[in-house]
Amino acid sequence: MFSLLVVIATYDLKHKIIPDILALFLGVLAFIGLFFFNPSGSLSFYPHLPSFLDFFSGLFIAAIFALFWLVSKGAWMGLGDAKLSVGLGWLLGFSMMLSGVVIAFWVGAIVGLLLVIFSKKHGMKSELPFAPYLVLGALLAFLFELHLF
């Protein structure tokens, strides 16, 4: 799953778009994983029915990103980030995904500010791909089992 996330982040970094097929593949794998892996975060095989929160975590977080896209008409964030967050929400669960999103926004803001300050090529109107930051936030939340909220 994280190999797929690296491909998505790299593609978004280079082309500033997340291919629908990659986001869909991540979402399908993560959705299947909801039913077969231990909900505590460990990687043990555990067939079960996911909780209500686990089941809707991907859709809830995607709805927030889709709302950003809708309100800004695509200026603040692309719709691909919403599609990516569906799979990430199902992969990590609600609490860890929220932690990953917070990390993603903070790291993205710091990198963006540094680019504006130190790069002649980037200004306040520059577009930055957000998928690499979402992937980094998800990876850190997963590895360190972060539950910031």
# chains A, B, ... in the order shown; residues from 1 in each chain; ligands from 1
>>> residues_around(residues="region 52-69 of chain A", least_positions_apart="4", cutoff="7 Å", atoms="only C-alpha atoms", output="JSON, numbers by chain")
{"A": [73, 74, 76, 77, 78, 79, 81, 82, 83, 85, 86, 87, 88, 89, 90, 93, 94]}
>>> residues_around(residues="Ala138 (chain A)", least_positions_apart="6", cutoff="12 Å", atoms="only C-alpha atoms", output="JSON, numbers by chain")
{"A": [1, 2, 5, 6, 9, 84, 85, 87, 88, 89, 90, 91, 92, 93, 94, 95, 96, 97, 98, 99, 100, 101, 102, 103, 104, 105, 131, 132, 144, 145, 146, 147]}
>>> write_last_selection(atoms="N, CA and C atoms", output="tab-separated table (two decimals), in the first residue's frame")
chain	number	residue	atom	x	y	z
A	1	MET	N	0.83	-1.19	0.00
A	1	MET	CA	0.00	0.00	0.00
A	1	MET	C	0.88	1.26	0.00
A	2	PHE	N	1.93	1.22	0.82
A	2	PHE	CA	2.78	2.42	0.87
A	2	PHE	C	3.63	2.56	-0.39
A	5	LEU	N	1.43	4.44	-2.54
A	5	LEU	CA	1.39	5.84	-2.10
A	5	LEU	C	2.62	6.61	-2.57
A	6	VAL	N	3.77	5.94	-2.61
A	6	VAL	CA	4.98	6.59	-3.12
A	6	VAL	C	4.82	6.91	-4.60
A	9	ALA	N	2.46	9.91	-4.83
A	9	ALA	CA	3.12	11.15	-4.41
A	9	ALA	C	4.11	11.62	-5.47
A	84	LEU	N	-7.82	10.64	-2.98
A	84	LEU	CA	-6.73	9.97	-2.27
A	84	LEU	C	-7.06	9.78	-0.79
A	85	SER	N	-7.71	10.76	-0.19
A	85	SER	CA	-7.99	10.68	1.24
A	85	SER	C	-9.03	9.61	1.59
A	87	GLY	N	-9.03	6.46	0.42
A	87	GLY	CA	-8.20	5.28	0.70
A	87	GLY	C	-7.36	5.45	1.94
A	88	LEU	N	-6.81	6.65	2.14
A	88	LEU	CA	-5.99	6.88	3.33
A	88	LEU	C	-6.81	6.79	4.62
A	89	GLY	N	-8.03	7.28	4.57
A	89	GLY	CA	-8.90	7.20	5.74
A	89	GLY	C	-9.25	5.76	6.08
A	90	TRP	N	-9.50	4.96	5.07
A	90	TRP	CA	-9.78	3.54	5.31
A	90	TRP	C	-8.53	2.79	5.74
A	91	LEU	N	-7.39	3.19	5.23
A	91	LEU	CA	-6.14	2.54	5.59
A	91	LEU	C	-5.75	2.82	7.04
A	92	LEU	N	-5.87	4.06	7.47
A	92	LEU	CA	-5.38	4.46	8.79
A	92	LEU	C	-6.45	4.50	9.87
A	93	GLY	N	-7.67	4.67	9.49
A	93	GLY	CA	-8.71	4.90	10.49
A	93	GLY	C	-8.84	6.39	10.75
A	94	PHE	N	-9.91	6.77	11.40
A	94	PHE	CA	-10.25	8.18	11.55
A	94	PHE	C	-9.21	8.96	12.35
A	95	SER	N	-8.84	8.48	13.51
A	95	SER	CA	-7.94	9.22	14.39
A	95	SER	C	-6.54	9.39	13.79
A	96	MET	N	-5.98	8.30	13.28
A	96	MET	CA	-4.64	8.41	12.70
A	96	MET	C	-4.66	9.24	11.42
A	97	MET	N	-5.73	9.15	10.65
A	97	MET	CA	-5.79	9.95	9.42
A	97	MET	C	-5.90	11.43	9.75
A	98	LEU	N	-6.67	11.79	10.75
A	98	LEU	CA	-6.72	13.20	11.15
A	98	LEU	C	-5.34	13.69	11.58
A	99	SER	N	-4.61	12.85	12.29
A	99	SER	CA	-3.25	13.19	12.68
A	99	SER	C	-2.38	13.36	11.44
A	100	GLY	N	-2.51	12.47	10.49
A	100	GLY	CA	-1.75	12.56	9.25
A	100	GLY	C	-2.08	13.81	8.46
A	101	VAL	N	-3.34	14.21	8.44
A	101	VAL	CA	-3.76	15.42	7.72
A	101	VAL	C	-3.16	16.66	8.38
A	102	VAL	N	-3.17	16.69	9.71
A	102	VAL	CA	-2.58	17.83	10.42
A	102	VAL	C	-1.09	17.93	10.10
A	103	ILE	N	-0.40	16.81	10.14
A	103	ILE	CA	1.03	16.79	9.80
A	103	ILE	C	1.23	17.26	8.36
A	104	ALA	N	0.38	16.78	7.46
A	104	ALA	CA	0.50	17.15	6.04
A	104	ALA	C	0.33	18.66	5.85
A	105	PHE	N	-0.66	19.25	6.51
A	105	PHE	CA	-0.87	20.68	6.37
A	105	PHE	C	0.29	21.48	6.96
A	131	ALA	N	-0.44	15.85	-2.46
A	131	ALA	CA	-0.37	14.40	-2.22
A	131	ALA	C	0.93	13.98	-1.54
A	132	PRO	N	2.10	14.54	-1.89
A	132	PRO	CA	3.31	14.13	-1.17
A	132	PRO	C	3.23	14.40	0.33
A	144	PHE	N	4.26	5.79	13.67
A	144	PHE	CA	4.34	6.18	15.07
A	144	PHE	C	3.00	6.05	15.79
A	145	GLU	N	1.99	5.49	15.09
A	145	GLU	CA	0.65	5.31	15.64
A	145	GLU	C	0.16	6.60	16.33
A	146	LEU	N	0.20	7.69	15.58
A	146	LEU	CA	-0.17	8.99	16.11
A	146	LEU	C	-1.68	9.15	16.22
A	147	HIS	N	-2.11	9.51	17.37
A	147	HIS	CA	-3.51	9.84	17.64
A	147	HIS	C	-3.49	11.20	18.34
>>> select_by_dssp(residues="chain A", states="alpha helix (DSSP H)", output="ChimeraX atom specification")
/A:2-15,20-36,52-72,79-92,94-118,131-143
>>> atom_distance(atom1="CA of Lys16 (chain A)", atom2="CA of Ala75 (chain A)")
12.9 Å
>>> atom_distance(atom1="CA of Phe118 (chain A)", atom2="CA of Leu13 (chain A)")
19.1 Å
